[in-house]
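upload00.txt (compact mmCIF, C-alpha atoms and all ligand atoms) appears below.
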```
# COMPACT_ATOMS: atom_id res chain seq x y z
CA MET F 20 74.10 127.04 136.42
CA PRO F 21 75.64 128.47 133.21
CA ILE F 22 79.25 127.58 134.24
CA LYS F 23 78.44 123.85 134.26
CA GLN F 24 76.93 124.10 130.81
CA GLU F 25 80.06 125.84 129.42
CA CYS F 26 82.36 123.14 130.81
CA GLN F 27 80.36 120.24 129.43
CA GLU F 28 80.37 121.21 125.78
CA PRO F 29 84.12 121.50 125.14
CA LEU F 30 84.76 118.31 127.15
CA ALA F 31 82.19 116.37 125.17
CA ASP F 32 83.89 117.63 121.99
CA LYS F 33 87.30 116.35 122.99
CA ILE F 34 86.67 113.02 124.71
CA ASP F 35 85.08 110.26 122.70
CA THR F 36 82.99 108.29 125.15
CA ASN F 37 81.83 105.81 122.55
CA ILE F 38 85.15 104.17 121.68
CA ILE F 39 85.42 100.69 120.19
CA SER F 40 87.69 98.48 122.26
CA LEU F 41 89.02 95.19 120.93
CA SER F 42 86.59 93.33 123.25
CA ARG F 43 83.62 95.31 121.90
CA PHE F 44 84.84 94.78 118.32
CA ILE F 45 85.06 91.01 118.90
CA ILE F 46 81.60 90.84 120.48
CA GLU F 47 80.08 92.84 117.61
CA LYS F 48 81.69 90.49 115.07
CA GLN F 49 80.34 87.50 117.02
CA LYS F 50 76.81 88.96 116.92
CA GLN F 51 77.08 89.32 113.12
CA ALA F 52 78.16 85.69 112.60
CA LYS F 53 75.44 83.10 112.12
CA ASN F 54 75.70 80.07 114.44
CA ALA F 55 78.59 81.63 116.42
CA THR F 56 79.54 79.52 119.44
CA GLY F 57 81.72 82.17 121.08
CA ASP F 58 84.87 80.04 120.67
CA TYR F 59 86.35 82.40 118.09
CA SER F 60 85.77 85.32 120.47
CA LEU F 61 87.49 83.42 123.27
CA VAL F 62 90.61 82.76 121.22
CA LEU F 63 90.78 86.38 119.96
CA ASN F 64 90.43 87.66 123.52
CA ALA F 65 93.20 85.31 124.65
CA LEU F 66 95.44 86.69 121.89
CA GLY F 67 94.64 90.28 122.93
CA PHE F 68 95.65 89.43 126.50
CA ALA F 69 98.94 87.82 125.35
CA PHE F 70 99.83 90.97 123.35
CA LYS F 71 99.13 93.21 126.36
CA PHE F 72 101.23 90.99 128.61
CA ILE F 73 104.15 90.97 126.15
CA ALA F 74 103.87 94.75 125.58
CA HIS F 75 104.05 95.31 129.34
CA THR F 76 107.09 93.02 129.63
CA VAL F 77 108.94 94.52 126.63
CA ARG F 78 108.52 98.03 128.12
CA ARG F 79 110.10 96.94 131.40
CA ALA F 80 112.77 94.67 129.88
CA GLU F 81 115.78 96.74 130.90
CA LEU F 82 114.45 97.47 134.37
CA ILE F 83 113.85 93.82 135.19
CA HIS F 84 117.06 92.51 133.57
CA LEU F 85 115.45 90.86 130.59
CA THR F 86 117.93 92.09 127.98
CA GLY F 87 120.69 89.84 126.65
CA LEU F 88 121.00 86.22 125.64
CA PHE F 89 119.30 83.33 127.40
CA GLY F 90 122.08 80.98 126.32
CA THR F 91 120.17 78.53 124.11
CA SER F 92 119.09 78.27 120.46
CA ASN F 93 115.50 78.03 119.26
CA ALA F 94 113.81 75.68 116.79
CA THR F 95 115.13 77.68 113.85
CA GLY F 96 118.71 77.80 115.13
CA ASP F 97 118.70 81.45 116.31
CA GLN F 98 120.27 82.41 119.64
CA GLN F 99 117.42 82.89 122.13
CA LYS F 100 117.15 86.16 124.03
CA LYS F 101 115.72 86.14 127.56
CA LEU F 102 112.68 87.96 126.17
CA ASP F 103 112.18 85.28 123.48
CA VAL F 104 111.89 82.67 126.20
CA LEU F 105 109.55 84.78 128.30
CA GLY F 106 107.37 85.75 125.31
CA ASP F 107 107.09 82.07 124.42
CA GLU F 108 106.07 81.20 127.98
CA ILE F 109 103.43 83.94 127.98
CA PHE F 110 101.98 82.56 124.75
CA ILE F 111 101.98 78.96 125.93
CA ASN F 112 100.24 79.80 129.22
CA THR F 113 97.71 82.19 127.67
CA MET F 114 96.74 79.79 124.90
CA ALA F 115 96.60 76.80 127.27
CA SER F 116 94.34 78.62 129.72
CA SER F 117 91.93 79.70 126.97
CA ASN F 118 90.87 76.02 126.78
CA ILE F 119 89.95 76.59 123.17
CA VAL F 120 93.38 76.28 121.54
CA LYS F 121 94.33 72.69 120.76
CA ILE F 122 97.64 73.33 119.02
CA LEU F 123 100.35 75.95 119.29
CA VAL F 124 103.27 76.31 116.88
CA SER F 125 105.89 78.71 118.20
CA GLU F 126 109.14 79.80 116.60
CA GLU F 127 110.75 79.03 119.94
CA GLN F 128 109.61 75.37 120.06
CA GLU F 129 110.99 72.61 117.83
CA GLU F 130 107.77 70.56 118.04
CA LEU F 131 104.20 71.72 118.03
CA ILE F 132 102.53 71.89 121.43
CA ARG F 133 99.30 69.94 121.98
CA PHE F 134 97.13 71.18 124.82
CA GLU F 135 94.98 68.91 126.95
CA THR F 136 91.53 70.16 126.06
CA THR F 137 88.24 68.59 125.16
CA GLU F 138 86.94 71.79 123.58
CA GLY F 139 89.95 72.94 121.54
CA THR F 140 89.03 73.80 117.99
CA TYR F 141 91.80 76.25 117.06
CA ALA F 142 95.48 76.12 116.08
CA VAL F 143 97.65 79.17 116.75
CA CYS F 144 101.00 79.66 114.98
CA CYS F 145 103.18 82.46 116.31
CA ASP F 146 106.50 84.16 116.54
CA PRO F 147 106.10 85.52 120.09
CA ILE F 148 108.89 88.14 119.81
CA ASP F 149 109.90 88.70 116.20
CA GLY F 150 112.98 90.88 115.64
CA SER F 151 114.37 90.04 119.06
CA SER F 152 117.98 90.40 117.88
CA ASN F 153 117.23 94.16 117.89
CA ILE F 154 115.80 94.28 121.37
CA ASP F 155 118.83 95.39 123.37
CA ALA F 156 119.12 98.45 121.08
CA GLY F 157 115.58 99.53 121.91
CA VAL F 158 114.36 98.85 118.35
CA SER F 159 110.68 97.94 117.90
CA VAL F 160 109.83 94.24 117.98
CA GLY F 161 106.53 92.48 117.42
CA THR F 162 104.41 89.35 117.70
CA ILE F 163 103.00 87.69 114.57
CA VAL F 164 100.11 85.21 114.63
CA SER F 165 98.13 83.06 112.22
CA LEU F 166 94.96 81.30 113.35
CA PHE F 167 93.45 78.14 111.88
CA LYS F 168 90.19 76.42 112.73
CA ILE F 169 90.76 72.71 113.26
CA THR F 170 88.41 70.54 111.27
CA SER F 171 88.91 67.24 113.13
CA PRO F 172 86.64 66.64 116.18
CA PRO F 173 87.84 68.20 119.47
CA SER F 174 88.10 64.72 121.02
CA GLU F 175 90.86 63.70 118.57
CA PRO F 176 94.43 64.64 119.48
CA GLY F 177 95.86 67.52 117.44
CA CYS F 178 98.53 66.78 114.84
CA GLU F 179 100.81 68.57 112.34
CA GLN F 180 98.25 68.17 109.55
CA ASP F 181 96.05 70.63 111.47
CA VAL F 182 98.48 73.41 110.46
CA LEU F 183 100.21 72.03 107.34
CA ARG F 184 97.52 73.63 105.19
CA SER F 185 97.15 76.31 102.55
CA GLY F 186 97.26 79.94 103.67
CA HIS F 187 93.66 80.26 102.46
CA ASP F 188 92.61 78.13 105.46
CA MET F 189 93.56 80.84 107.97
CA VAL F 190 90.55 82.34 109.74
CA ALA F 191 92.46 85.29 111.20
CA ALA F 192 95.91 86.84 111.26
CA CYS F 193 97.42 89.67 113.23
CA TYR F 194 100.56 91.33 114.45
CA ALA F 195 101.30 93.45 117.49
CA LEU F 196 104.06 96.05 117.16
CA TYR F 197 105.74 97.12 120.38
CA GLY F 198 107.02 100.57 119.39
CA ALA F 199 106.43 104.10 120.64
CA SER F 200 102.89 102.78 121.16
CA THR F 201 101.64 99.22 120.89
CA HIS F 202 99.72 98.71 117.65
CA LEU F 203 97.62 95.71 116.72
CA LEU F 204 96.67 95.00 113.11
CA LEU F 205 94.01 92.34 112.74
CA THR F 206 92.23 90.67 109.87
CA LEU F 207 89.34 88.25 110.24
CA GLY F 208 89.17 87.95 106.45
CA ASP F 209 86.91 90.95 105.89
CA GLY F 210 89.42 93.79 105.72
CA VAL F 211 92.00 94.99 108.22
CA ASN F 212 91.47 96.96 111.41
CA GLY F 213 94.14 98.74 113.46
CA PHE F 214 94.06 99.14 117.24
CA THR F 215 96.29 101.10 119.63
CA LEU F 216 96.87 100.01 123.20
CA ASP F 217 95.68 102.57 125.74
CA THR F 218 97.94 101.56 128.61
CA ASN F 219 95.85 103.41 131.21
CA LEU F 220 92.62 101.75 130.14
CA GLY F 221 94.42 98.44 129.52
CA GLU F 222 92.50 98.08 126.27
CA PHE F 223 93.26 98.02 122.57
CA ILE F 224 91.19 100.82 120.98
CA LEU F 225 90.12 100.82 117.33
CA THR F 226 92.12 103.72 115.87
CA GLU F 227 92.46 102.73 112.19
CA PRO F 228 89.27 101.13 110.88
CA ASP F 229 89.42 99.52 107.42
CA VAL F 230 93.14 99.95 106.78
CA ARG F 231 94.13 100.18 103.10
CA LEU F 232 97.64 100.45 101.71
CA PRO F 233 98.08 103.98 100.30
CA THR F 234 98.45 104.38 96.55
CA ASP F 235 99.58 108.00 96.63
CA HIS F 236 102.30 108.21 99.29
CA PRO F 237 104.95 110.74 98.18
CA LYS F 238 107.85 108.31 98.83
CA LYS F 239 108.39 105.03 97.00
CA ILE F 240 110.15 102.66 99.41
CA TYR F 241 111.97 99.34 99.10
CA SER F 242 112.96 97.38 102.19
CA VAL F 243 115.52 94.56 101.99
CA ASN F 244 118.74 93.51 103.72
CA GLU F 245 121.22 94.69 101.06
CA GLY F 246 124.07 93.18 103.07
CA ASN F 247 123.01 89.92 101.40
CA THR F 248 123.58 91.26 97.85
CA CYS F 249 126.63 89.03 97.22
CA TYR F 250 124.45 85.93 97.90
CA TRP F 251 121.55 87.00 95.64
CA ASP F 252 120.80 85.69 92.17
CA GLU F 253 121.67 88.05 89.32
CA SER F 254 117.98 88.73 88.66
CA VAL F 255 117.43 89.98 92.25
CA LYS F 256 120.52 92.21 92.00
CA THR F 257 119.37 93.78 88.72
CA PHE F 258 115.86 94.32 90.13
CA PHE F 259 117.10 96.34 93.10
CA ASP F 260 119.68 98.17 90.95
CA ALA F 261 116.80 99.29 88.75
CA LEU F 262 114.82 100.63 91.74
CA LYS F 263 117.75 102.94 92.52
CA GLN F 264 117.35 104.61 89.12
CA PRO F 265 114.71 107.23 88.24
CA GLN F 266 111.41 105.43 87.61
CA ASP F 267 109.11 105.87 84.61
CA GLU F 268 106.15 107.10 86.69
CA ASP F 269 107.83 110.09 88.41
CA ASN F 270 111.47 110.20 87.35
CA GLU F 271 112.55 109.56 90.98
CA PRO F 272 114.43 106.55 92.41
CA TYR F 273 113.08 104.50 95.33
CA SER F 274 114.23 105.25 98.91
CA ALA F 275 115.67 102.44 101.06
CA ARG F 276 114.34 101.68 104.57
CA TYR F 277 115.17 98.54 106.54
CA VAL F 278 114.70 98.04 110.28
CA GLY F 279 115.44 94.30 110.36
CA SER F 280 112.38 93.67 112.50
CA MET F 281 109.70 92.36 110.17
CA VAL F 282 106.73 93.77 112.07
CA ALA F 283 108.25 97.27 112.07
CA ASP F 284 109.10 97.04 108.36
CA MET F 285 105.61 95.74 107.55
CA HIS F 286 103.85 98.37 109.67
CA ARG F 287 105.68 101.09 107.74
CA THR F 288 104.70 99.32 104.50
CA VAL F 289 101.04 99.28 105.58
CA LEU F 290 101.12 103.00 106.41
CA TYR F 291 103.37 104.36 103.63
CA GLY F 292 103.17 101.63 101.00
CA GLY F 293 106.25 100.14 99.33
CA LEU F 294 107.92 96.79 98.85
CA TYR F 295 109.40 94.52 101.54
CA ALA F 296 111.46 91.57 100.35
CA TYR F 297 113.44 88.72 101.82
CA PRO F 298 114.58 86.82 98.71
CA GLY F 299 116.18 83.40 98.56
CA SER F 300 119.97 83.38 98.19
CA SER F 301 122.89 81.03 97.64
CA LYS F 302 122.98 80.70 101.47
CA SER F 303 119.30 79.78 101.80
CA ARG F 304 117.11 79.07 98.76
CA ASN F 305 113.92 79.92 100.64
CA GLY F 306 115.28 82.99 102.41
CA LYS F 307 114.90 83.33 106.15
CA LEU F 308 111.27 83.98 107.00
CA ARG F 309 108.94 81.25 108.25
CA LEU F 310 105.84 80.48 106.23
CA LEU F 311 103.42 79.59 109.05
CA TYR F 312 104.01 82.51 111.40
CA GLU F 313 105.65 85.20 109.23
CA GLY F 314 104.78 84.69 105.54
CA PHE F 315 101.14 83.54 105.88
CA PRO F 316 99.88 86.08 108.44
CA MET F 317 101.65 89.02 106.76
CA ALA F 318 100.36 87.94 103.32
CA PHE F 319 96.80 87.65 104.66
CA LEU F 320 96.97 91.11 106.27
CA ILE F 321 98.58 92.77 103.23
CA GLU F 322 96.15 91.21 100.74
CA GLN F 323 93.20 92.22 102.91
CA ALA F 324 94.60 95.78 102.91
CA GLY F 325 94.78 95.82 99.09
CA GLY F 326 98.38 94.65 98.54
CA LYS F 327 100.07 91.49 97.25
CA ALA F 328 102.50 88.85 98.52
CA VAL F 329 104.46 86.37 96.37
CA ASN F 330 107.61 84.26 96.61
CA ASP F 331 110.73 84.43 94.38
CA LYS F 332 108.93 82.43 91.66
CA GLY F 333 105.97 84.80 91.71
CA GLU F 334 103.67 82.24 93.40
CA ARG F 335 101.06 83.74 95.71
CA ILE F 336 102.17 83.16 99.33
CA LEU F 337 98.63 82.19 100.41
CA ASP F 338 98.59 79.39 97.78
CA LEU F 339 101.59 77.65 99.39
CA VAL F 340 101.27 74.62 101.67
CA PRO F 341 104.05 73.97 104.21
CA THR F 342 105.44 70.46 104.53
CA LYS F 343 107.03 71.12 107.94
CA ILE F 344 105.96 73.49 110.69
CA HIS F 345 109.12 75.65 110.49
CA ASP F 346 109.32 75.81 106.67
CA LYS F 347 110.80 79.00 105.25
CA THR F 348 109.66 81.05 102.28
CA SER F 349 111.16 83.78 100.14
CA ILE F 350 108.86 86.80 100.09
CA TRP F 351 108.04 89.94 98.06
CA ILE F 352 105.22 91.76 99.80
CA GLY F 353 103.60 95.18 99.85
CA SER F 354 101.85 97.61 97.50
CA SER F 355 100.40 95.99 94.39
CA ARG F 356 102.25 98.46 92.14
CA ASP F 357 105.61 97.46 93.64
CA VAL F 358 105.03 93.69 93.79
CA ASP F 359 103.79 93.92 90.18
CA LYS F 360 107.12 95.52 89.23
CA TYR F 361 108.86 92.41 90.56
CA LEU F 362 106.38 90.11 88.79
CA LYS F 363 107.03 91.95 85.51
CA HIS F 364 110.78 91.69 86.11
CA ILE F 365 110.57 87.87 86.37
CA GLY F 366 108.15 87.63 83.42
CA LYS F 367 105.11 86.62 85.53
CA LEU F 368 102.96 89.62 84.58
P1 LIG N 401 115.20 87.88 114.84
O1 LIG N 401 113.91 87.60 115.58
O2 LIG N 401 116.24 86.81 115.06
O3 LIG N 401 115.73 89.25 115.13
O4 LIG N 401 114.85 87.80 113.28
C1 LIG N 401 113.98 88.74 112.77
C2 LIG N 401 113.50 88.32 111.41
O5 LIG N 401 112.92 87.06 111.43
C3 LIG N 401 112.52 89.36 110.86
O6 LIG N 401 111.79 90.01 111.83
C4 LIG N 401 113.41 90.30 110.10
O7 LIG N 401 112.75 90.96 109.05
C5 LIG N 401 114.51 89.41 109.60
O8 LIG N 401 114.58 88.32 110.50
C6 LIG N 401 115.82 90.12 109.56
O9 LIG N 401 116.78 89.27 109.07
P2 LIG N 401 118.23 89.82 108.67
O10 LIG N 401 118.92 90.23 109.93
O11 LIG N 401 118.88 88.66 107.99
O12 LIG N 401 118.04 90.99 107.73
```
Represent the structure contained in this file as structure tokens.
Ligand code: AFP
Amino acid sequence: MPIKQECQEPLADKIDTNIISLSRFIIEKQKQAKNATGDYSLVLNALGFAFKFIAHTVRRAELIHLTGLFGTSNATGDQQKKLDVLGDEIFINTMASSNIVKILVSEEQEELIRFETTEGTYAVCCDPIDGSSNIDAGVSVGTIVSLFKITSPPSEPGCEQDVLRSGHDMVAACYALYGASTHLLLTLGDGVNGFTLDTNLGEFILTEPDVRLPTDHPKKIYSVNEGNTCYWDESVKTFFDALKQPQDEDNEPYSARYVGSMVADMHRTVLYGGLYAYPGSSKSRNGKLRLLYEGFPMAFLIEQAGGKAVNDKGERILDLVPTKIHDKTSIWIGSSRDVDKYLKHIGKL
């Protein structure tokens, strides 16, 4: 029947029936790894499920009365939103039920959580809903995660030392951005891959394989909360003043973009390039962002995508070692060209 033949060709052109879902991606990575036990796959799958659950909840927040304050403060002193509390609960339950996570550090919990498990070999550090102060205005929020493999035997109880380690010890890092679509950016230490949630399929689909920060984007962007200028050191002020002047390379000044939701600001940085900074100030010497679940995972992702991440002193973020689970760090992160400008400014390049 010729009609059938005509219909099949255009359809086959348009619909990719060989897509790579996050589950397939994880299984393929497991097959490539020598001596893989499957534990890593289990924890990555559990994370994927947590992101889907949070995405679903964030989308319905207004309809199910989840906007507004919960009425308490979290471990870092911020007012908790109802969604913060729910996101935290989703993470705790998903990680506990994976039976492979021994320790969870959450921005919402003062102490680390130890799960009862005889098989747990992983530590997860997360900010379940980062940028939540924006949530009632419908601004994108995200989840940020760093993953460590625990070296002590599974039979030993987990402790803080399992996560108070150098950033180089991370085995994976990722963020989920709950925006117009839900995006997941993941590194397992061999580059960065981007997935988009297909809500009908209920699967993250690989849409941006091997993500690299662009080096030729027409706009040069800096991203910082300039409302803090009066608290900055003179050197930080002069650096940003200089970015507002025509630059040597193209005679154009930088453009300013700042959402105030780190995942949204970082996702733009990954796609368009540029510099994101949260410097230390007279109010807080180490800025605002948390090393374990904001600085480390973002630095790992950005470096794997070809960028750089340093603190105010020009030290590489991944070289730092936290002394407490909620330690903060100043940060300058993004395209190598732009971070290098800062390093030159402070005489470290
Ligand atoms: P919230 O989760 O309290 O909204 O904080 C978000 C955040 O940790 C990070 O996502 C932003 O980049 C940064 O704080 C914004 O901080 P400022 O409001 O001080 O600019």
Sort by chain and increasing residue number a table of all residues of range 158-263 of chain F within 8 Å of range 331-352 of chain F, each with its closest pair of atoms and their distance in Å to one decimal, counting only C-alpha atoms, and write it as JSON lines.
```
{"residue": "F:Glu179", "atom": "CA", "partner": "F:Ile344", "partner_atom": "CA", "distance": 7.3}
{"residue": "F:Val182", "atom": "CA", "partner": "F:Ile344", "partner_atom": "CA", "distance": 7.5}
{"residue": "F:Leu183", "atom": "CA", "partner": "F:Pro341", "partner_atom": "CA", "distance": 5.3}
{"residue": "F:Arg184", "atom": "CA", "partner": "F:Val340", "partner_atom": "CA", "distance": 5.2}
{"residue": "F:Ser185", "atom": "CA", "partner": "F:Val340", "partner_atom": "CA", "distance": 4.5}
{"residue": "F:Gly186", "atom": "CA", "partner": "F:Leu337", "partner_atom": "CA", "distance": 4.2}
{"residue": "F:His187", "atom": "CA", "partner": "F:Leu337", "partner_atom": "CA", "distance": 5.7}
```
Leu166 in chain F proximity check over F:Lys121, F:Lys48, F:Lys363, F:Lys238, using all atoms listed in the file: winner is F:Lys121
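Each of F:Asp217, F:Glu268, F:Asp181, F:Glu245 was compared to ligand LIG 401 (chain N) using all atoms listed in the file, and F:Glu245 turns out to be the nearest.
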What is the CA of Gly353 in chain F to CA of Leu294 in chain F distance in Å? 4.7 Å
Residues contacting ligand LIG 401 (chain N) - anything with an atom at most 9 Å away, using only C-alpha atoms and all ligand atoms - can you give me those as a VMD selection string? chain F and resid 97 to 99 103 146 148 to 154 160 to 161 243 to 247 277 to 285 295 to 297 306 to 309 313
Keeping C-alpha atoms for every residue in the selection just given, could you write it to a file as a CSV table (one decimal), in the frame of the given file?
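File written: selection19.csv
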```csv
chain,number,residue,atom,x,y,z
F,97,ASP,CA,118.7,81.4,116.3
F,98,GLN,CA,120.3,82.4,119.6
F,99,GLN,CA,117.4,82.9,122.1
F,103,ASP,CA,112.2,85.3,123.5
F,146,ASP,CA,106.5,84.2,116.5
F,148,ILE,CA,108.9,88.1,119.8
F,149,ASP,CA,109.9,88.7,116.2
F,150,GLY,CA,113.0,90.9,115.6
F,151,SER,CA,114.4,90.0,119.1
F,152,SER,CA,118.0,90.4,117.9
F,153,ASN,CA,117.2,94.2,117.9
F,154,ILE,CA,115.8,94.3,121.4
F,160,VAL,CA,109.8,94.2,118.0
F,161,GLY,CA,106.5,92.5,117.4
F,243,VAL,CA,115.5,94.6,102.0
F,244,ASN,CA,118.7,93.5,103.7
F,245,GLU,CA,121.2,94.7,101.1
F,246,GLY,CA,124.1,93.2,103.1
F,247,ASN,CA,123.0,89.9,101.4
F,277,TYR,CA,115.2,98.5,106.5
F,278,VAL,CA,114.7,98.0,110.3
F,279,GLY,CA,115.4,94.3,110.4
F,280,SER,CA,112.4,93.7,112.5
F,281,MET,CA,109.7,92.4,110.2
F,282,VAL,CA,106.7,93.8,112.1
F,283,ALA,CA,108.2,97.3,112.1
F,284,ASP,CA,109.1,97.0,108.4
F,285,MET,CA,105.6,95.7,107.6
F,295,TYR,CA,109.4,94.5,101.5
F,296,ALA,CA,111.5,91.6,100.4
F,297,TYR,CA,113.4,88.7,101.8
F,306,GLY,CA,115.3,83.0,102.4
F,307,LYS,CA,114.9,83.3,106.2
F,308,LEU,CA,111.3,84.0,107.0
F,309,ARG,CA,108.9,81.2,108.2
F,313,GLU,CA,105.6,85.2,109.2
```
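The gap separating CA of Gly67 in chain F from CA of Met189 in chain F is 17.7 Å, in Å to one decimal.
One distance worth recording is that between CA of Ser116 in chain F and CA of Gly210 in chain F, which is 28.8 Å.
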Selection: 9 Å around Asp359 in chain F, all atoms listed in the file, excl. self and same-chain fewer than 5 positions, as a VMD selection string: chain F and resid 327 354 364 367 to 368
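Of the listed residues F:Gly90, F:Pro173, F:Pro237, F:Pro298, the one whose atoms come nearest to Phe259 in chain F is F:Pro298, with distances taken using all atoms listed in the file.
Ranking F:Asp235, F:Phe167, F:Glu227, F:Pro147 by their shortest atom-to-atom distance to Leu196 in chain F, with all atoms listed in the file included, puts F:Pro147 first.
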Selected residue, from F:Leu216, F:Ala55, F:Ile163, F:Ala142, that lies nearest to Cys178 in chain F when counting only C-alpha atoms: F:Ala142
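Candidate residues F:Thr234, F:Ser254, F:Gln264, F:Ser200 were compared for distance to His75 in chain F, and the nearest is F:Ser200, using all atoms listed in the file.
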Neighbour list for Gly96 in chain F as a ChimeraX atom specification, cut-off 10 Å, only C-alpha atoms, skip fewer than 5 positions in-chain: /F:91,126-127,129
Name the residues, using the chain letters and numbers of the file, that sit within 6 Å of (87.5, 96.2, 111.8) when counting all atoms listed in the file, and give them as a ChimeraX atom specification. /F:211-212,228-229
Counting all atoms listed in the file, what is within 7 Å of Cys145 in chain F, bar same-chain residues fewer than 4 positions away, as a ChimeraX atom specification? /F:124-126,163-165,312
Please list as a PyMOL selection string every residue within 8 Å of Phe110 in chain F, counting all atoms listed in the file and excluding residues in the same chain fewer than 4 positions away. chain F and resi 69+106+114+147
Write out as a VMD selection string the residues lying within 10 Å of Ser301 in chain F, counting all atoms listed in the file and excluding same-chain residues fewer than 6 positions away. chain F and resid 247 249 to 252
Write out all heavy atoms for range 125-131 of chain F, as an mmCIF file, in the coordinates of the input.
```cif
data_model
loop_
_atom_site.group_PDB
_atom_site.id
_atom_site.type_symbol
_atom_site.label_atom_id
_atom_site.label_comp_id
_atom_site.auth_asym_id
_atom_site.auth_seq_id
_atom_site.Cartn_x
_atom_site.Cartn_y
_atom_site.Cartn_z
ATOM 1 N N SER F 125 105.154 77.501 117.825
ATOM 2 C CA SER F 125 105.890 78.710 118.200
ATOM 3 C C SER F 125 107.273 78.638 117.583
ATOM 4 O O SER F 125 107.880 77.554 117.527
ATOM 5 C CB SER F 125 106.003 78.787 119.721
ATOM 6 O OG SER F 125 107.010 79.707 120.086
ATOM 7 N N GLU F 126 107.786 79.796 117.155
ATOM 8 C CA GLU F 126 109.140 79.800 116.600
ATOM 9 C C GLU F 126 110.133 79.258 117.621
ATOM 10 O O GLU F 126 111.169 78.704 117.265
ATOM 11 C CB GLU F 126 109.572 81.213 116.190
ATOM 12 C CG GLU F 126 110.809 81.117 115.323
ATOM 13 C CD GLU F 126 111.680 82.338 115.215
ATOM 14 O OE1 GLU F 126 111.483 83.293 115.976
ATOM 15 O OE2 GLU F 126 112.569 82.321 114.364
ATOM 16 N N GLU F 127 109.812 79.412 118.880
ATOM 17 C CA GLU F 127 110.750 79.030 119.940
ATOM 18 C C GLU F 127 110.702 77.540 120.284
ATOM 19 O O GLU F 127 111.467 77.090 121.124
ATOM 20 C CB GLU F 127 110.477 79.862 121.204
ATOM 21 C CG GLU F 127 110.511 81.368 120.981
ATOM 22 C CD GLU F 127 111.800 81.840 120.318
ATOM 23 O OE1 GLU F 127 112.860 81.266 120.593
ATOM 24 O OE2 GLU F 127 111.726 82.778 119.498
ATOM 25 N N GLN F 128 109.770 76.796 119.705
ATOM 26 C CA GLN F 128 109.610 75.370 120.060
ATOM 27 C C GLN F 128 109.800 74.499 118.820
ATOM 28 O O GLN F 128 109.133 74.701 117.815
ATOM 29 C CB GLN F 128 108.196 75.107 120.609
ATOM 30 C CG GLN F 128 107.831 75.910 121.829
ATOM 31 C CD GLN F 128 108.531 75.423 123.089
ATOM 32 O OE1 GLN F 128 108.879 74.242 123.199
ATOM 33 N NE2 GLN F 128 108.747 76.317 124.021
ATOM 34 N N GLU F 129 110.699 73.541 118.937
ATOM 35 C CA GLU F 129 110.990 72.610 117.830
ATOM 36 C C GLU F 129 109.736 71.874 117.365
ATOM 37 O O GLU F 129 109.444 71.776 116.187
ATOM 38 C CB GLU F 129 112.014 71.591 118.353
ATOM 39 C CG GLU F 129 112.541 70.654 117.302
ATOM 40 C CD GLU F 129 113.933 71.072 116.855
ATOM 41 O OE1 GLU F 129 114.721 71.526 117.693
ATOM 42 O OE2 GLU F 129 114.189 70.943 115.644
ATOM 43 N N GLU F 130 108.975 71.357 118.332
ATOM 44 C CA GLU F 130 107.770 70.560 118.040
ATOM 45 C C GLU F 130 106.529 71.398 118.307
ATOM 46 O O GLU F 130 106.580 72.315 119.117
ATOM 47 C CB GLU F 130 107.693 69.341 118.973
ATOM 48 C CG GLU F 130 108.927 68.470 119.013
ATOM 49 C CD GLU F 130 109.051 67.606 117.776
ATOM 50 O OE1 GLU F 130 108.010 67.365 117.130
ATOM 51 O OE2 GLU F 130 110.189 67.200 117.455
ATOM 52 N N LEU F 131 105.422 71.003 117.676
ATOM 53 C CA LEU F 131 104.200 71.720 118.030
ATOM 54 C C LEU F 131 103.725 71.291 119.414
ATOM 55 O O LEU F 131 104.033 70.194 119.878
ATOM 56 C CB LEU F 131 103.103 71.556 116.983
ATOM 57 C CG LEU F 131 102.585 70.219 116.513
ATOM 58 C CD1 LEU F 131 101.744 69.568 117.579
ATOM 59 C CD2 LEU F 131 101.752 70.439 115.274
#
```
